[in-house]
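> File structure.cif below, mmCIF, C-alpha atoms and all ligand atoms:
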data_data
#
loop_
_atom_site.label_atom_id
_atom_site.label_comp_id
_atom_site.auth_asym_id
_atom_site.auth_seq_id
_atom_site.Cartn_x
_atom_site.Cartn_y
_atom_site.Cartn_z
CA MET A 1 13.85 12.91 -14.83
CA ASP A 2 11.65 11.82 -17.72
CA ILE A 3 9.30 8.96 -16.98
CA ASP A 4 8.68 6.53 -19.80
CA LYS A 5 5.18 6.65 -21.34
CA GLN A 6 4.68 2.93 -20.75
CA ILE A 7 5.47 3.30 -17.05
CA LYS A 8 3.00 6.17 -16.69
CA VAL A 9 0.20 4.13 -18.28
CA GLU A 10 1.07 1.11 -16.14
CA MET A 11 0.97 3.25 -13.01
CA LEU A 12 -2.46 4.55 -13.99
CA ARG A 13 -3.64 0.99 -14.49
CA ASP A 14 -2.19 -0.17 -11.17
CA MET A 15 -3.82 2.68 -9.25
CA LEU A 16 -7.15 1.89 -10.90
CA LYS A 17 -6.63 -1.79 -10.11
CA ILE A 18 -6.33 -0.90 -6.43
CA ARG A 19 -9.28 1.53 -6.44
CA MET A 20 -11.63 -0.96 -8.12
CA PHE A 21 -10.63 -3.72 -5.71
CA GLU A 22 -11.15 -1.56 -2.63
CA GLU A 23 -14.52 -0.23 -3.75
CA LYS A 24 -15.76 -3.70 -4.66
CA ILE A 25 -14.65 -5.37 -1.43
CA ARG A 26 -16.30 -2.57 0.54
CA GLN A 27 -19.62 -3.64 -1.01
CA LEU A 28 -18.85 -7.32 -0.39
CA TYR A 29 -17.97 -6.53 3.22
CA LEU A 30 -21.21 -4.65 3.81
CA GLN A 31 -23.08 -7.57 2.21
CA GLY A 32 -21.46 -9.98 4.69
CA TYR A 33 -19.27 -11.96 2.28
CA ILE A 34 -16.13 -10.73 4.06
CA THR A 35 -15.88 -10.71 7.84
CA GLY A 36 -13.34 -9.46 10.37
CA SER A 37 -11.66 -6.09 10.30
CA MET A 38 -10.66 -4.56 6.99
CA HIS A 39 -9.00 -1.21 6.22
CA LEU A 40 -9.40 0.40 2.82
CA SER A 41 -6.73 2.38 1.00
CA THR A 42 -8.92 4.36 -1.43
CA GLY A 43 -7.23 7.74 -2.01
CA GLN A 44 -3.74 6.47 -1.10
CA GLU A 45 -3.02 4.47 -4.27
CA ALA A 46 -0.21 6.64 -5.66
CA ILE A 47 2.24 5.84 -2.86
CA PRO A 48 2.81 2.09 -3.27
CA VAL A 49 2.33 2.35 -7.03
CA GLY A 50 5.06 5.01 -7.36
CA PHE A 51 7.41 3.00 -5.17
CA CYS A 52 6.74 -0.47 -6.51
CA ALA A 53 7.16 0.72 -10.12
CA ASN A 54 10.83 1.14 -9.13
CA LEU A 55 11.19 -2.29 -7.52
CA ASN A 56 12.13 -5.65 -8.98
CA LYS A 57 9.99 -8.71 -8.41
CA ASP A 58 12.51 -10.11 -5.93
CA ASP A 59 12.75 -6.89 -3.90
CA TYR A 60 10.75 -6.87 -0.68
CA ILE A 61 8.02 -4.84 0.92
CA LEU A 62 6.61 -4.77 4.42
CA SER A 63 3.04 -3.60 4.75
CA SER A 64 0.66 -2.51 7.51
CA HIS A 65 -2.91 -3.19 8.69
CA ARG A 66 -4.00 -1.02 5.70
CA GLY A 67 -2.15 -3.01 3.10
CA HIS A 68 -4.20 -4.10 0.08
CA HIS A 69 -2.77 -1.30 -2.06
CA HIS A 70 0.83 -2.26 -1.19
CA ILE A 71 0.25 -5.89 -2.11
CA ILE A 72 -1.53 -5.17 -5.40
CA ALA A 73 1.17 -2.65 -6.35
CA LYS A 74 3.85 -5.30 -5.70
CA GLY A 75 2.11 -7.70 -8.08
CA GLY A 76 -0.62 -9.26 -5.95
CA GLU A 77 -3.38 -10.87 -8.01
CA TYR A 78 -7.07 -10.18 -7.47
CA LYS A 79 -8.09 -13.82 -7.24
CA TYR A 80 -5.70 -14.82 -4.44
CA MET A 81 -6.37 -11.57 -2.56
CA MET A 82 -10.12 -12.01 -2.86
CA ALA A 83 -10.00 -15.66 -1.78
CA GLU A 84 -7.92 -14.66 1.24
CA LEU A 85 -10.46 -12.02 2.26
CA PHE A 86 -13.22 -14.62 1.91
CA GLY A 87 -11.20 -16.91 4.23
CA LYS A 88 -10.84 -19.56 1.51
CA SER A 89 -8.06 -22.15 1.19
CA THR A 90 -7.05 -20.80 -2.24
CA GLY A 91 -6.05 -17.40 -0.84
CA TYR A 92 -2.50 -16.10 -0.47
CA CYS A 93 -2.32 -17.45 3.11
CA LYS A 94 -4.73 -20.33 2.55
CA GLY A 95 -7.50 -18.34 4.19
CA LYS A 96 -5.71 -18.08 7.54
CA GLY A 97 -4.32 -14.56 7.20
CA GLY A 98 -7.23 -12.41 6.13
CA SER A 99 -7.05 -8.73 5.23
CA MET A 100 -4.46 -7.69 7.80
CA HIS A 101 -1.99 -10.56 7.41
CA ILE A 102 -1.53 -11.20 3.72
CA ALA A 103 1.97 -12.38 2.83
CA CYS A 104 3.43 -13.88 -0.34
CA ALA A 105 7.18 -14.37 -0.51
CA ASP A 106 6.98 -15.22 -4.25
CA ILE A 107 6.24 -11.58 -5.05
CA GLY A 108 8.34 -10.17 -2.22
CA VAL A 109 5.44 -9.36 0.11
CA LEU A 110 6.84 -10.23 3.54
CA GLY A 111 3.61 -9.42 5.26
CA ALA A 112 0.91 -6.99 6.13
CA ASN A 113 0.78 -6.56 9.89
CA GLY A 114 -2.03 -5.95 12.38
CA VAL A 115 0.46 -4.57 14.89
CA VAL A 116 0.85 -0.87 14.18
CA GLY A 117 4.55 -0.25 13.42
CA GLY A 118 5.14 -4.03 13.36
CA GLY A 119 6.70 -4.06 9.90
CA ILE A 120 9.32 -1.38 10.57
CA CYS A 121 11.83 -3.49 12.52
CA ILE A 122 11.26 -6.48 10.25
CA ALA A 123 12.14 -4.26 7.29
CA ALA A 124 15.25 -3.03 9.07
CA GLY A 125 16.31 -6.66 9.58
CA VAL A 126 15.55 -7.77 6.03
CA GLY A 127 17.36 -4.74 4.63
CA PHE A 128 20.34 -5.54 6.83
CA ALA A 129 20.32 -9.13 5.55
CA SER A 130 20.53 -7.81 1.98
CA LYS A 131 23.42 -5.58 2.94
CA TYR A 132 25.20 -8.46 4.67
CA LEU A 133 24.54 -11.01 1.92
CA LYS A 134 25.23 -8.43 -0.82
CA ASP A 135 22.19 -9.74 -2.68
CA ASN A 136 21.47 -6.34 -4.25
CA LYS A 137 17.86 -6.32 -3.02
CA VAL A 138 15.93 -3.43 -1.50
CA THR A 139 13.18 -3.53 1.12
CA VAL A 140 10.50 -0.84 1.25
CA SER A 141 8.65 -0.44 4.54
CA PHE A 142 5.19 1.19 4.27
CA PHE A 143 3.48 2.42 7.43
CA GLY A 144 1.21 5.19 8.68
CA ASP A 145 1.71 8.47 10.51
CA GLY A 146 0.45 6.78 13.68
CA ALA A 147 3.08 4.04 13.31
CA ALA A 148 5.73 6.75 13.03
CA ASN A 149 4.89 7.58 16.67
CA THR A 150 5.63 4.10 18.00
CA GLY A 151 8.83 2.96 19.69
CA ALA A 152 9.37 0.47 16.87
CA PHE A 153 9.91 3.40 14.49
CA HIS A 154 12.87 4.65 16.52
CA GLU A 155 14.42 1.21 16.92
CA GLY A 156 13.94 0.20 13.30
CA VAL A 157 15.05 3.42 11.65
CA ASN A 158 18.02 3.84 13.97
CA PHE A 159 19.22 0.27 13.43
CA ALA A 160 18.85 0.55 9.66
CA ALA A 161 20.67 3.89 9.62
CA VAL A 162 23.59 2.65 11.72
CA ARG A 163 23.96 -0.49 9.58
CA LYS A 164 23.32 1.39 6.32
CA SER A 165 20.72 -1.26 5.53
CA ASN A 166 19.10 -1.55 2.10
CA VAL A 167 15.79 -0.05 3.23
CA VAL A 168 13.46 2.80 2.37
CA PHE A 169 11.01 3.87 5.08
CA VAL A 170 7.77 5.30 3.73
CA ILE A 171 5.30 7.16 5.94
CA GLU A 172 1.85 7.28 4.41
CA ASN A 173 0.66 10.34 6.26
CA ASN A 174 -3.11 10.23 5.84
CA GLN A 175 -3.42 12.74 8.71
CA TYR A 176 -5.23 10.44 11.14
CA ALA A 177 -4.58 7.48 13.41
CA ILE A 178 -8.09 6.06 13.68
CA SER A 179 -10.01 9.24 14.70
CA VAL A 180 -7.05 11.19 16.12
CA PRO A 181 -5.86 14.04 13.86
CA ARG A 182 -2.11 14.48 13.55
CA LYS A 183 -2.12 17.88 15.27
CA LEU A 184 -3.05 16.06 18.51
CA SER A 185 -0.23 13.54 18.28
CA ASP A 186 2.64 15.41 16.57
CA CYS A 187 4.53 18.54 17.61
CA VAL A 188 6.18 18.75 14.21
CA ASP A 189 4.49 19.75 11.00
CA LYS A 190 6.54 17.26 9.00
CA GLN A 191 7.43 13.85 10.38
CA SER A 192 10.25 13.65 7.84
CA VAL A 193 12.33 16.07 9.96
CA ARG A 194 12.88 13.12 12.29
CA ALA A 195 15.31 11.69 9.71
CA ALA A 196 17.93 14.20 10.90
CA GLY A 197 17.94 12.44 14.28
CA TYR A 198 19.15 9.28 12.55
CA GLY A 199 21.56 10.96 10.15
CA ILE A 200 19.65 9.93 7.03
CA PRO A 201 17.88 11.93 4.29
CA GLY A 202 14.25 12.78 4.92
CA VAL A 203 11.73 14.50 2.69
CA THR A 204 8.00 15.24 2.63
CA ILE A 205 6.24 14.98 -0.72
CA ASP A 206 2.77 15.10 -2.27
CA GLY A 207 1.68 11.49 -1.90
CA ASN A 208 -1.22 12.04 -4.29
CA ASP A 209 1.09 12.87 -7.19
CA VAL A 210 2.28 9.52 -8.47
CA LEU A 211 4.94 11.08 -10.70
CA GLU A 212 6.51 12.88 -7.74
CA VAL A 213 6.33 9.68 -5.72
CA TYR A 214 7.96 7.73 -8.57
CA LYS A 215 10.87 10.17 -8.88
CA THR A 216 11.49 10.39 -5.14
CA ALA A 217 11.28 6.62 -4.83
CA ALA A 218 13.75 6.11 -7.68
CA GLU A 219 16.39 8.14 -5.86
CA ALA A 220 15.83 6.56 -2.42
CA ILE A 221 15.77 3.02 -3.84
CA LYS A 222 18.96 3.67 -5.82
CA ARG A 223 20.62 4.94 -2.65
CA ALA A 224 19.54 1.87 -0.68
CA ARG A 225 20.56 -0.56 -3.43
CA SER A 226 23.99 0.94 -3.78
CA GLY A 227 24.70 0.40 -0.09
CA ASN A 228 24.40 4.03 1.04
CA GLY A 229 21.65 3.34 3.54
CA PRO A 230 18.04 4.20 4.22
CA SER A 231 15.90 7.28 3.58
CA LEU A 232 12.69 8.46 5.20
CA ILE A 233 10.02 9.56 2.73
CA GLU A 234 6.83 11.10 4.11
CA CYS A 235 3.98 11.08 1.61
CA MET A 236 1.07 13.39 2.40
CA THR A 237 -2.26 11.81 1.53
CA TYR A 238 -5.78 11.12 2.79
CA ARG A 239 -8.03 8.09 3.15
CA TRP A 240 -11.44 8.60 1.59
CA HIS A 241 -13.31 6.14 3.79
CA GLY A 242 -13.55 5.52 7.52
CA HIS A 243 -10.69 3.92 9.43
CA HIS A 244 -12.11 0.46 8.77
CA ALA A 245 -14.71 -0.76 6.31
CA GLY A 246 -17.46 -1.16 8.91
CA GLU A 247 -16.96 2.20 10.60
CA PRO A 248 -20.29 3.97 11.31
CA LYS A 249 -20.82 6.98 9.01
CA ASP A 250 -17.70 6.03 7.03
CA GLY A 251 -15.29 8.55 8.56
CA ILE A 252 -17.44 11.66 8.83
CA LEU A 253 -17.92 11.64 12.62
CA TYR A 254 -14.48 13.16 13.19
CA ARG A 255 -13.74 14.72 9.76
CA SER A 256 -15.65 17.48 7.98
CA LYS A 257 -17.23 16.92 4.58
CA GLU A 258 -15.30 19.96 3.36
CA GLU A 259 -12.01 18.34 4.36
CA ILE A 260 -12.92 15.07 2.66
CA ASN A 261 -14.00 16.87 -0.51
CA PHE A 262 -10.83 18.98 -0.51
CA TRP A 263 -8.79 15.79 -0.66
CA LYS A 264 -11.06 14.09 -3.17
CA GLU A 265 -10.22 16.98 -5.50
CA LYS A 266 -6.62 15.75 -5.29
CA ASP A 267 -7.59 12.26 -6.50
CA PRO A 268 -4.30 10.69 -7.67
CA ILE A 269 -6.00 8.67 -10.39
CA LYS A 270 -7.86 11.59 -11.95
CA ARG A 271 -4.70 13.69 -11.84
CA LEU A 272 -2.63 11.19 -13.80
CA LYS A 273 -5.47 10.36 -16.18
CA ASP A 274 -6.05 14.03 -17.03
CA LEU A 275 -2.34 14.54 -17.58
CA LEU A 276 -2.03 11.54 -19.89
CA LEU A 277 -5.07 12.67 -21.89
CA LYS A 278 -3.59 16.15 -22.21
CA GLU A 279 -0.23 14.78 -23.30
CA ASN A 280 -1.97 12.51 -25.85
CA LEU A 281 -0.48 9.45 -24.20
CA LEU A 282 -3.95 8.02 -23.57
CA THR A 283 -7.45 8.27 -25.07
CA GLU A 284 -10.78 7.95 -23.26
CA ASN A 285 -11.25 4.65 -25.09
CA ASP A 286 -7.90 3.34 -23.82
CA TYR A 287 -9.04 4.18 -20.30
CA ILE A 288 -12.38 2.43 -20.76
CA ASP A 289 -10.53 -0.65 -22.07
CA ILE A 290 -8.29 -0.72 -19.00
CA GLU A 291 -11.34 -0.39 -16.76
CA ASN A 292 -13.26 -3.14 -18.57
CA ASN A 293 -10.36 -5.58 -18.40
CA LEU A 294 -9.93 -4.95 -14.69
CA ARG A 295 -13.68 -5.32 -14.09
CA LYS A 296 -13.66 -8.74 -15.75
CA GLU A 297 -10.65 -9.84 -13.69
CA LEU A 298 -12.37 -8.58 -10.56
CA ASN A 299 -15.66 -10.36 -11.26
CA ASP A 300 -13.76 -13.57 -12.03
CA SER A 301 -11.93 -13.24 -8.72
CA ILE A 302 -15.24 -13.04 -6.84
CA GLU A 303 -16.47 -16.21 -8.54
CA PHE A 304 -13.15 -17.89 -7.72
CA ALA A 305 -13.43 -16.87 -4.07
CA LYS A 306 -17.07 -17.93 -3.77
CA GLU A 307 -16.44 -21.35 -5.34
CA SER A 308 -13.27 -22.10 -3.35
CA PRO A 309 -13.48 -24.26 -0.20
CA PHE A 310 -12.80 -23.10 3.33
CA PRO A 311 -9.62 -24.60 4.85
CA GLU A 312 -9.95 -27.94 6.60
CA PRO A 313 -9.61 -27.79 10.41
CA GLU A 314 -6.25 -29.66 10.20
CA ALA A 315 -4.85 -26.72 8.19
CA LEU A 316 -4.65 -24.81 11.47
CA TYR A 317 -1.38 -26.56 12.30
CA LYS A 318 0.22 -26.22 8.86
CA ASP A 319 2.46 -23.39 7.59
CA VAL A 320 2.92 -21.98 11.06
CA TYR A 321 6.54 -21.28 10.15
CA VAL A 322 7.63 -20.46 6.64
CA ASP A 323 11.12 -21.36 5.50
CA PHE A 324 11.75 -18.70 2.85
CA LYS A 325 14.82 -20.56 1.56
CA SER A 326 12.95 -23.75 0.70
C1 LIG B 1 0.64 -1.76 18.54
C2 LIG B 1 -0.78 -1.37 18.19
N1 LIG B 1 -1.36 -0.37 18.86
C3 LIG B 1 -2.63 0.00 18.55
C4 LIG B 1 -3.33 -0.65 17.58
C5 LIG B 1 -4.74 -0.21 17.21
N2 LIG B 1 -4.71 0.53 15.96
C6 LIG B 1 -5.05 -0.07 14.79
S1 LIG B 1 -4.87 0.97 13.48
C7 LIG B 1 -4.36 2.23 14.47
C8 LIG B 1 -4.03 3.58 13.86
C9 LIG B 1 -2.86 3.53 12.97
O1 LIG B 1 -2.68 4.79 12.36
P1 LIG B 1 -1.67 4.98 11.21
O2 LIG B 1 -0.37 4.33 11.54
O3 LIG B 1 -1.63 6.43 10.89
O4 LIG B 1 -2.28 4.15 10.00
P2 LIG B 1 -3.64 4.41 9.20
O5 LIG B 1 -4.71 3.60 9.88
O6 LIG B 1 -3.95 5.85 9.25
O7 LIG B 1 -3.37 3.90 7.84
C10 LIG B 1 -4.33 1.84 15.79
C11 LIG B 1 -3.93 2.72 16.91
C12 LIG B 1 -2.69 -1.71 16.92
N3 LIG B 1 -3.29 -2.41 15.94
N4 LIG B 1 -1.40 -2.04 17.23
MG MG B 2 -2.71 7.50 9.52
#
Is it possible to express this structure as structure tokens?

Amino acid sequence: MDIDKQIKVEMLRDMLKIRMFEEKIRQLYLQGYITGSMHLSTGQEAIPVGFCANLNKDDYILSSHRGHHHIIAKGGEYKYMMAELFGKSTGYCKGKGGSMHIACADIGVLGANGVVGGGICIAAGVGFASKYLKDNKVTVSFFGDGAANTGAFHEGVNFAAVRKSNVVFVIENNQYAISVPRKLSDCVDKQSVRAAGYGIPGVTIDGNDVLEVYKTAAEAIKRARSGNGPSLIECMTYRWHGHHAGEPKDGILYRSKEEINFWKEKDPIKRLKDLLLKENLLTENDYIDIENNLRKELNDSIEFAKESPFPEPEALYKDVYVDFKS
């Protein structure tokens, strides 16, 4: 499968857009502008970017507690994300969601979720609704390797498989659930083998190779859209930082520096950039332009967030339920 040049460049830009956001909000968090718990996705950018490049605007995604990269890949804008993290009324959820609960139905983001595995059954239901309504939409459910060990995983994947729902289940296997390495919580080397227990296709891929992610996603999304049911795609990856932004020592208390550096060598952004330079699809100047444009957008979003008001106390009782049809 040949991937269009334009799509490759857009995927590079989207991965960089995520990386720059995450690294900037880490600083803002440590400076006290952002409070609460926040989980960074640096290193894992290729997975949602490869999937979302195959989705339409009105397709859906379900995200997790570590969800900024999913939302940006699905079309989330810096300014509304930043305002949400600052707790401001101009944010995606009017400042009441925060990092772990960003949702925006307009771009098909049906919610990040602080409950580990919480999005899986919602995705199974939304995908079933698409099947039932024949609306031709696909739902992609992103979650971690730890979430794949919850009961919700079994219920959601089984239900979706039996109903041949329009869903793709994506495990972002970053090898840890908080500080617990996967060898202490899994007896299988590949979580994708579990797909056989539900009678659906399952595959494990290099989640740091955005082109491989894109191609695998294309096939699974096509299968789901054409009514043939879900797939389970396990994407091997690694988070560069600690479990959450305020973690002491930033993830090195339970992971060796050698291990972290090994995975940094597999940086998905550098890999695609180097390839595009080699193929003469991009110049260093093009890359600098992309970076500069994103930096301006990012700085503007910080100003927007700082200048925006906090929600009024009465806002607590508004938007408790969202009618997605209205
Ligand atoms: C139901 C539930 N149990 C436990 C927690 C606490 N918790 C938050 S993140 C996390 C680890 C999740 O690991 P994984 O699914 O691999 O995602 P990752 O953080 O690695 O992206 C846990 C146990 C929670 N939020 N919800
Ligand atoms: Mg994990």
> Please identify all protein, DNA and RNA residues within 6 Å of ligand MG 2 (chain B), counting all atoms listed in the file, and report them as an MDAnalysis selection string.
chainID A and resid 144:146 173:177
> Could those selected residues go to a file with C-alpha atoms, as a short mmCIF file (atom, residue, chain, number, x, y, z; two decimals), keeping the file's coordinate frame?

data_model
loop_
_atom_site.label_atom_id
_atom_site.label_comp_id
_atom_site.auth_asym_id
_atom_site.auth_seq_id
_atom_site.Cartn_x
_atom_site.Cartn_y
_atom_site.Cartn_z
CA GLY A 144 1.21 5.19 8.68
CA ASP A 145 1.71 8.47 10.51
CA GLY A 146 0.45 6.78 13.68
CA ASN A 173 0.66 10.34 6.26
CA ASN A 174 -3.11 10.23 5.84
CA GLN A 175 -3.42 12.74 8.71
CA TYR A 176 -5.23 10.44 11.14
CA ALA A 177 -4.58 7.48 13.41
#
> Write out as a PyMOL selection string each polymer residue (protein, DNA or RNA) that has an atom no more than 9 Å from ligand LIG 1 (chain B), with only C-alpha atoms and all ligand atoms counted.
chain A and resi 39-41+64-67+113-118+143-150+171-180+182+238-239+243-244
> In Å, rounded to a single decimal, give me how far CA of Thr216 (chain A) is from CA of Asn158 (chain A).
21.2 Å
> Compare A:Thr204, A:Asn292, A:Ser63, A:Ser141 by their minimum atom-to-atom distance to Arg13 (chain A), counting all atoms listed in the file, and give me the closest one.
A:Asn292
> What does the distance from CA of Phe51 (chain A) to CA of Gly111 (chain A) come to in Å, to one decimal?
16.7 Å
> Counting all atoms listed in the file, what is within 8 Å of region 24-33 of chain A, bar same-chain residues fewer than 6 positions away, as a VMD selection string?
chain A and resid 40 86 245 to 246
> Measuring atom to atom with all atoms listed in the file, identify which of A:Glu212, A:Ala217, A:Ser99, A:Asp206 is nearest to Trp263 (chain A).
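Closest candidate: A:Asp206.
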> For Ala53 (chain A), please output as a list in words all residues within 8 Å (counting all atoms listed in the file; exclusion window: fewer than 5 positions along the same chain).
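Everything that qualifies: Ile7, Met11, Ala73 and Tyr214 of chain A.
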> At a cut-off of 7 Å, using all atoms listed in the file, what residues contact region 221-237 of chain A? Leave out same-chain residues fewer than 4 positions from it and give the result as a ChimeraX atom specification.
/A:44,131,136-138,160-161,164-174,191-192,195,200-208,217
> So, counting all atoms listed in the file, which residue among A:Lys88, A:His70, A:Lys183, A:Lys296 is closest to Val49 (chain A)?
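Answer, going by the shortest atom-to-atom distance: A:His70.
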> Show which residues sit within 6 Å of Gly50 (chain A), as number ranges by chain. Count only C-alpha atoms, and ignore same-chain residues fewer than 4 positions away.
A: 46, 210, 213-214
> Could you extract region 122-136 of chain A of the given structure into a file holding N, CA and C atoms, as a CSV table (one decimal), in the first residue's frame?

chain,number,residue,atom,x,y,z
A,122,ILE,N,-18.0,1.7,26.2
A,122,ILE,CA,-18.7,2.8,25.6
A,122,ILE,C,-18.5,2.6,24.0
A,123,ALA,N,-17.3,2.4,23.7
A,123,ALA,CA,-17.0,2.2,22.2
A,123,ALA,C,-17.8,1.0,21.6
A,124,ALA,N,-17.9,-0.1,22.4
A,124,ALA,CA,-18.6,-1.2,21.9
A,124,ALA,C,-20.1,-0.8,21.6
A,125,GLY,N,-20.6,0.0,22.5
A,125,GLY,CA,-22.0,0.5,22.4
A,125,GLY,C,-22.2,1.4,21.2
A,126,VAL,N,-21.2,2.4,21.1
A,126,VAL,CA,-21.3,3.4,20.0
A,126,VAL,C,-21.2,2.6,18.6
A,127,GLY,N,-20.2,1.7,18.6
A,127,GLY,CA,-20.0,1.0,17.4
A,127,GLY,C,-21.2,0.1,17.0
A,128,PHE,N,-21.9,-0.4,18.0
A,128,PHE,CA,-23.1,-1.2,17.8
A,128,PHE,C,-24.2,-0.2,17.3
A,129,ALA,N,-24.3,1.0,17.8
A,129,ALA,CA,-25.3,1.9,17.3
A,129,ALA,C,-25.1,2.2,15.8
A,130,SER,N,-23.8,2.4,15.4
A,130,SER,CA,-23.5,2.6,14.0
A,130,SER,C,-24.0,1.4,13.2
A,131,LYS,N,-23.7,0.3,13.7
A,131,LYS,CA,-24.1,-0.9,12.9
A,131,LYS,C,-25.6,-1.0,12.8
A,132,TYR,N,-26.3,-0.7,13.9
A,132,TYR,CA,-27.8,-0.7,13.9
A,132,TYR,C,-28.4,0.3,13.0
A,133,LEU,N,-27.8,1.5,13.1
A,133,LEU,CA,-28.4,2.7,12.4
A,133,LEU,C,-27.9,2.7,10.9
A,134,LYS,N,-26.9,1.9,10.6
A,134,LYS,CA,-26.3,1.8,9.3
A,134,LYS,C,-25.8,3.2,8.9
A,135,ASP,N,-25.2,3.9,9.9
A,135,ASP,CA,-24.7,5.3,9.6
A,135,ASP,C,-23.3,5.3,9.0
A,136,ASN,N,-22.7,4.2,8.8
A,136,ASN,CA,-21.4,4.1,8.1
A,136,ASN,C,-20.3,4.7,8.9
